[in-house]
Amino acid sequence: MHNKTLAQISQDLQAGEYSSVEVTQHFLDRIKNLDGQYNSFITVTDEKALIQAKAADALRAAGNANEWTGVPMAHKDIFCTEGVRTSCGSKMLDKFIAPYDSTVADNFNQVGAVSLGKTNMDEFAMGSSSESSFYGAVKNPWNEEHVPGGSSGGSAAAVAARLAPGITATDTGGSIRQPAAFCGVTGIKPTYGRVSRFGMISYASSLDQGGPIARTAEDAAMMLNVMAGFDKKDSTSIERDVPDYRANLNNSMQGMTIGLPKEYFSADLDPVMAQTIQDAIKEYEKMGATLKEISLPNTNLCVPAYYVIAPSECSANLSRMDGVRFGHRCEDPKNIEDLYKRSRSEGFGDEVQRRIMLGSYALSAGFYDAYYKKAQQVRRLIKNDFVAAFNDVDVIMSPVAPSPAFKFGEKSKDPVSMYLEDIYTLATNLAGLPGMSVPAGMINDLPVGLQLIGNYFDESRLLNCAHQFQTATDWHTKTPTGLK
Amino acid sequence: MEWEVVIGLEIHAQLATKSKIFSGSSTQYGADANTQANIYDLGLPGVLPVFNEEALRMAVKFGLAIDAEIGMKSVFDRKNYFYPDSPKGYQITQLHEPIVGMGHIDIDLGEGNTRRINVTRAHLEEDAGKSVHEGFNGQSGIDLNRCGTPLIEIVSEPELRTSKEASAYFRKMQSIVMYLGICDGNLSQGSMRCDCNVSLRPKGQEELGTRTEIKNVNSFKNVERAIEVEIERQMDILEDGGSITQETRLFDADKNETRSMRSKEVANDYRYFPDPDLLPVIIDEEYVAAVRATLPELPEQKKARFEAEHGLSSYNAGVLSASREMADYFEVAAEIAGDYKIAANWVMGDLSAALNKNEISITDIPVSAQQLGAILKNVKGNDISNDGAKEVFNAIWQGKGSDVDQLIDQLGLKQVSDTSAIEAVVAQVLADSPKLVEAYLNTPEDKRAKAIGPFIGAARKAAKGVNPQVVMEVLKQKLNELT
């Protein structure tokens with residue numbers, strides 16, 4: 001049952017093959033039996049899930065079901081869920097029970113989906129390896145000595161381990177695409193403003209975007225149908241009709257132009273990775289697409305611009321974690337300043353503190369123009385690169401990451417090498433474009449992801465491209481070796 | 001050395017929106033602690049601000065009222081600092097691109113003198129909550145009801161030169177925001193608060209001296225007092241050859257002194273940057289025109305109209321137009337009375353005195369404008385005397401009745417103005433007082449005006465309710481006939 005996709009489970013439920021309670025219980029059992037190995041969940045909401053499943057079965061019996069009624073899924077622990085701990089992977093919020101639902105969680109509740117629990121992540125979504133969680137590192141189901149990527153490592157690992165068929169995630173600099181690539185699953189980061197950020201704990205407000213991680217493009221489309229849409233509770237959400245993302249999955253690749261940025265395929269790219277990605281792109285040629293080399297001249301500025309903007313925004317976003325109204329508070333504070341200092345020093349991990357300090361520095365008087373303002377100007381240049389490129393091509397393709405999943409500890413001691421993990425994914429966040437990761441090969445028995453970058457609001461095309469690739473190849477059906 | 005005083009004011013005015021600037025909570029004053037704080041006001045993880053467009057409309061209205069440039073694009077910034085009553089760890093404000101740019105107002109300096117003061121800018125921002133230090137066993141409580149109440153911070157150019165000008169400016173701003181209906185102007189509840197920037201420089205010097213900022217002064221009188229003691233303090237230091245430290249100070253009204261508020265050597269670095277959760281606010285000419293169409297007649301315009309249409313003196317027109325409620329009351333009463341001057345004298349005289357004595361505002365007055373109008377109509381028609389008018393006014397105030405004509409009858413205040421009746425009374429008085437008549441006739445012409453007094457008194461004694469003016473005329477005529 002757990003090898004079925006979301007779409008298949010949805011069909012089976014509608015056909016009465018099994019009940020929501022049965023499939024929900026099946027996944028809960030799997031989580032209970034297997035997640036000790038992966039640590040992909042922070043919180044499992046068994047009771048709530050079974051209540052939701054029973055209600056879904058009753059709804060179906062009454063003839064009021066839709067395609068989502070009773071379908072199990074889960075949320076990254078960055079989305080607030082009413083009455084359930086929402087920790088963001090941090091000691092700071094270990095005891096924070098959200099008193100409200102994020103719009104994304106509410107949307108899934110509204111369609112009758114069943115939430116199994118909350119998945120593990122890098123603390124406050126800062127990281128590319130899911131090693132920085134207060135709840136311990138997440139293991140990659142393909143090889144437990146390797147990281148699952150981050151920050152949505154729990155979501156990607158849990159989908160890869162068949163602990164849930166689809167899980168929400170967020171992407172600020174690659175946090176959906178890179179873990180999806182490392183775990184051999186499919187993920188899409190939509191256009192900035194497509195999915196409401198209300199109730200999604202902010203890391204870097206102008207870059208954060210929610211999206212799904214699932215096993216297939218079709219499942220990702222099904223989830224995005226629920227997640228996307230204008231929300232008046234999020235001022236940066238965009239008022240624009242949401243298409244049915246499943247409607248165009250079968251469109252032909254004939255006549256499509258694929259842009260290959262020369263900066264992404266430079267001599268620095270590992271030749272094995274380059275070959276794997278090129279092999280994948282050949283599939284598109286076979287399907288009738290044409291390739292075109294393009295240039296994104298400001299690519300080398302992405303990492304520095306990102307590591308000014310994201311820490312700057314996070315330095316303010318995380319200020320509310322002050323030990324006064326919620327979250328971790330130190331013992332016996334001497335005065336208010338002591339309360340702030342110790343609560344935050346104890347509540348935040350090293351990487352979070354590093355980024356808060358980076359951002360505070362970049363925003364401080366006398367440095368603002370040289371850092372934050374300059375980075376915003378660079379951001380405009382990066383955006384312009386893409387706008388120009390999309391005059392000539394329909395979709396851009398590249399690797400998701402420089403290498404497959406690395407080993408634990410390999411990069412966590414060296415922040416800069418960790419930051420370079422995101423070198424191919426950051427640009428889409430800076431430009432606000434949609435990006436996707438599709439399983440596209442293996443290197444040393446570890447999955448490799450192909451990145452698809454689309455024009456603004458062109459999620460349908462990305463999902464169409466990914467689905468066609470998954471029709472022609474079987475990388476997305478591969479199961480981690482030894483998985484029970 | 002001769003010093004020049006330089007004063008600039010920053011006035012915070014709470015906008016009278018129903019809900020907060022970035023959340024749906026009520027802005028009502030005086031509710032139980034934290035009952036008007038929702039998940040946004042508490043700054044819970046994941047919540048996002050949504051701008052209340054009513055606050056925008058009010059800010060634009062203010063901008064138009066002070067003839068200012070309107071920011072067609074304005075941007076919200078985060079001002080970062082930790083304080084327990086600032087739940088997000090930053091305040092949302094507008095730094096570089098405010099909604100209202102350079103404008104000006106004319107302040108009233110008495111005796112018809114006005115002075116134009118430029119207003120640098122006015123920007124939108126959110127108010128903070130309140131820390132409560134009493135009643136928590138040495139700990140502090142936090143009340144977030146006020147947190148997120150919309151404010152406009154109105155910044156003047158450093159053009160004010162005296163404490164009197166400063167309070168006149170503050171008064172005028174209060175009058176404007178109340179006229180516009182965008183702020184209740186209540187100083188004691190903190191709806192308007194004033195920070196005073198004060199510095200001194202040698203007369204004739206262009207460069208500004210080092211300033212201090214006196215925070216949160218909450219009355220017109222205290223603005224004057226705080227500035228005066230601060231000027232003295234600075235002058236003492238400068239005369240002794242010392243220098244002023246740029247700092248924030250507090251005014252202690254009980255001790256009549258300002259004192260340093262800052263506990264730290266290092267100035268706060270607020271690390272301002274544009275709030276990425278909010279889009280820039282873009283408005284167009286059409287929007288501005290629509291707001292302009294809702295502007296009421298402003299004090300300036302009303303004053304000019306009172307002078308031109310009703311022939312009031314500049315001073316009277318200024319006083320009567322200072323508050324919209326007072327002006328409206330005056331106009332209704334004057335219209336009914338059919339005489340704007342009588343009404344002006346009344347509203348500024350007896351009515352204002354009664355308000356002061358009873359410590360109530362014009363909005364709570366027990367005598368309606370219609371009632372006063374009816375009273376003054378009788379004065380105008382010589383049907384009652386001015387003293388009679390006061391009696392009726394007081395009777396209504398004390399709840400002894402509400403119908404003016406009925407009260408005049410009941411109190412027997414109707415004046416006799418019929419000349420033939422008065423002639424009879426006067427003839428009787430003259431007949432009864434031959435000695436007085438003789439004395440009068442022996443008085444030289446130029447002193448006779450004074451000598452006529454006793455006859456009037458006697459006439460009024462003889463017949464209650466005679467109109468003294470008519471008595472005077474008849475007397476003069478009769479006495480002249482005797483000479």
# chains A, B, ... in the order shown; residues from 1 in each chain; ligands from 1

$ closest_atom_pairs --of "chain A" --to "chain B" --cutoff "6 Å" --atoms "only C-alpha atoms" --output "Markdown table"
| residue | atom | partner | partner_atom | distance |
| --- | --- | --- | --- | --- |
| A:Phe198 | CA | B:Val47 | CA | 5.8 |
| A:Gly199 | CA | B:Gly46 | CA | 4.0 |
| A:Met200 | CA | B:Gly46 | CA | 4.9 |
| A:Ile201 | CA | B:Gly46 | CA | 4.0 |
| A:Ser205 | CA | B:Pro276 | CA | 5.7 |
| A:Ser206 | CA | B:Pro276 | CA | 5.5 |
| A:Ser235 | CA | B:Leu278 | CA | 5.8 |
| A:Ser319 | CA | B:Gly89 | CA | 4.8 |
| A:Arg320 | CA | B:Lys88 | CA | 4.3 |
| A:Leu363 | CA | B:Arg271 | CA | 5.0 |
| A:Ser364 | CA | B:Arg271 | CA | 4.9 |

$ write_last_selection --atoms "N, CA and C atoms" --output "PDB file, in the first residue's frame"
ATOM      1  N   PHE A 198       1.143  32.602   5.090  1.00  0.00           N
ATOM      2  CA  PHE A 198       0.509  32.816   6.398  1.00  0.00           C
ATOM      3  C   PHE A 198       0.605  31.545   7.240  1.00  0.00           C
ATOM      4  N   GLY A 199       1.200  31.675   8.400  1.00  0.00           N
ATOM      5  CA  GLY A 199       1.350  30.524   9.289  1.00  0.00           C
ATOM      6  C   GLY A 199       2.542  29.646   8.970  1.00  0.00           C
ATOM      7  N   MET A 200       3.306  30.058   7.991  1.00  0.00           N
ATOM      8  CA  MET A 200       4.540  29.350   7.641  1.00  0.00           C
ATOM      9  C   MET A 200       5.648  30.170   8.281  1.00  0.00           C
ATOM     10  N   ILE A 201       6.321  29.618   9.278  1.00  0.00           N
ATOM     11  CA  ILE A 201       7.231  30.436  10.075  1.00  0.00           C
ATOM     12  C   ILE A 201       8.343  31.003   9.195  1.00  0.00           C
ATOM     13  N   SER A 205      11.579  36.316   4.469  1.00  0.00           N
ATOM     14  CA  SER A 205      10.241  36.551   3.935  1.00  0.00           C
ATOM     15  C   SER A 205      10.186  36.731   2.411  1.00  0.00           C
ATOM     16  N   SER A 206      11.188  37.396   1.844  1.00  0.00           N
ATOM     17  CA  SER A 206      11.105  37.701   0.412  1.00  0.00           C
ATOM     18  C   SER A 206      11.552  36.521  -0.448  1.00  0.00           C
ATOM     19  N   SER A 235       0.138  39.494   2.483  1.00  0.00           N
ATOM     20  CA  SER A 235       0.183  40.639   1.556  1.00  0.00           C
ATOM     21  C   SER A 235       1.059  40.382   0.349  1.00  0.00           C
ATOM     22  N   SER A 319      13.459  37.877  15.715  1.00  0.00           N
ATOM     23  CA  SER A 319      13.506  38.707  16.931  1.00  0.00           C
ATOM     24  C   SER A 319      12.341  38.425  17.873  1.00  0.00           C
ATOM     25  N   ARG A 320      11.218  37.980  17.295  1.00  0.00           N
ATOM     26  CA  ARG A 320      10.039  37.726  18.141  1.00  0.00           C
ATOM     27  C   ARG A 320      10.270  36.536  19.070  1.00  0.00           C
ATOM     28  N   LEU A 363      22.879  44.798   8.212  1.00  0.00           N
ATOM     29  CA  LEU A 363      21.873  45.864   8.288  1.00  0.00           C
ATOM     30  C   LEU A 363      22.326  47.039   9.154  1.00  0.00           C
ATOM     31  N   SER A 364      23.470  46.907   9.803  1.00  0.00           N
ATOM     32  CA  SER A 364      23.807  47.936  10.784  1.00  0.00           C
ATOM     33  C   SER A 364      24.196  49.245  10.101  1.00  0.00           C
TER      34      SER A 364
END

$ residues_around --residues "Gly173 in chain A" --least-positions-apart "6" --cutoff "9 Å" --atoms "only C-alpha atoms" --output "list of chain:residue names"
A:Leu207, A:Asp208, A:Tyr306, A:Ala310, A:Asp422, A:Ile423, A:Thr425, A:Leu426, A:Ala427, A:Thr428, A:Asn429, A:Leu430

$ atom_distance --atom1 "CA of Met121 in chain A" --atom2 "CA of Arg461 in chain A"
28.7 Å

$ select_by_dssp --residues "range 45-139 of chain A" --states "helix (DSSP H, G or I)" --output "PyMOL selection string"
chain A and resi 46-61+91-93+103-110+123-125

$ residues_around --residues "Lys414 in chain B" --least-positions-apart "5" --cutoff "8 Å" --atoms "only C-alpha atoms" --output "ChimeraX atom specification"
/B:383-384,408-409,465

$ write_last_selection --atoms "N, CA and C atoms" --output "PDB file, in the first residue's frame"
ATOM      1  N   ASP B 383     -36.540  91.372  23.323  1.00  0.00           N
ATOM      2  CA  ASP B 383     -37.609  90.820  24.152  1.00  0.00           C
ATOM      3  C   ASP B 383     -37.113  90.466  25.539  1.00  0.00           C
ATOM      4  N   ILE B 384     -35.818  90.151  25.647  1.00  0.00           N
ATOM      5  CA  ILE B 384     -35.247  89.955  26.987  1.00  0.00           C
ATOM      6  C   ILE B 384     -33.915  90.680  27.038  1.00  0.00           C
ATOM      7  N   ILE B 408     -38.946  82.008  29.589  1.00  0.00           N
ATOM      8  CA  ILE B 408     -38.968  83.480  29.654  1.00  0.00           C
ATOM      9  C   ILE B 408     -40.240  83.938  30.360  1.00  0.00           C
ATOM     10  N   ASP B 409     -41.350  83.277  29.990  1.00  0.00           N
ATOM     11  CA  ASP B 409     -42.619  83.618  30.637  1.00  0.00           C
ATOM     12  C   ASP B 409     -42.584  83.289  32.127  1.00  0.00           C
ATOM     13  N   GLY B 465     -38.703  94.853  34.061  1.00  0.00           N
ATOM     14  CA  GLY B 465     -38.732  94.354  32.689  1.00  0.00           C
ATOM     15  C   GLY B 465     -38.725  95.434  31.635  1.00  0.00           C
TER      16      GLY B 465
END

$ select_by_dssp --residues "range 251-326 of chain A" --states "strand (DSSP E)" --output "list in words"
Thr257, Ile258, Gly259, Leu260, Pro261, Thr290, Leu291, Lys292, Glu293 and Ile294 of chain A

$ residues_around --residues "Ala289 in chain A" --least-positions-apart "6" --cutoff "8 Å" --atoms "only C-alpha atoms" --output "JSON, numbers by chain"
{"A": [253, 254, 255, 256, 257, 258]}

$ write_last_selection --atoms "C-alpha atoms" --output "PDB file, in the first residue's frame"
ATOM      1  CA  MET A 253       7.451  18.120 -25.496  1.00  0.00           C
ATOM      2  CA  GLN A 254       7.480  18.629 -29.253  1.00  0.00           C
ATOM      3  CA  GLY A 255       8.710  22.108 -30.171  1.00  0.00           C
ATOM      4  CA  MET A 256       9.748  23.020 -26.638  1.00  0.00           C
ATOM      5  CA  THR A 257      13.008  24.923 -26.207  1.00  0.00           C
ATOM      6  CA  ILE A 258      15.191  24.045 -23.241  1.00  0.00           C
TER       7      ILE A 258
END

$ residues_around --residues "Gln234 in chain B" --least-positions-apart "5" --cutoff "8 Å" --atoms "only C-alpha atoms" --output "ChimeraX atom specification"
/B:199-200,244

$ write_last_selection --atoms "C-alpha atoms" --output "mmCIF file, in the first residue's frame"
data_model
loop_
_atom_site.group_PDB
_atom_site.id
_atom_site.type_symbol
_atom_site.label_atom_id
_atom_site.label_comp_id
_atom_site.auth_asym_id
_atom_site.auth_seq_id
_atom_site.Cartn_x
_atom_site.Cartn_y
_atom_site.Cartn_z
ATOM 1 C CA SER B 199 18.600 73.166 20.915
ATOM 2 C CA LEU B 200 20.274 76.552 21.287
ATOM 3 C CA ILE B 244 25.133 69.689 25.327
#
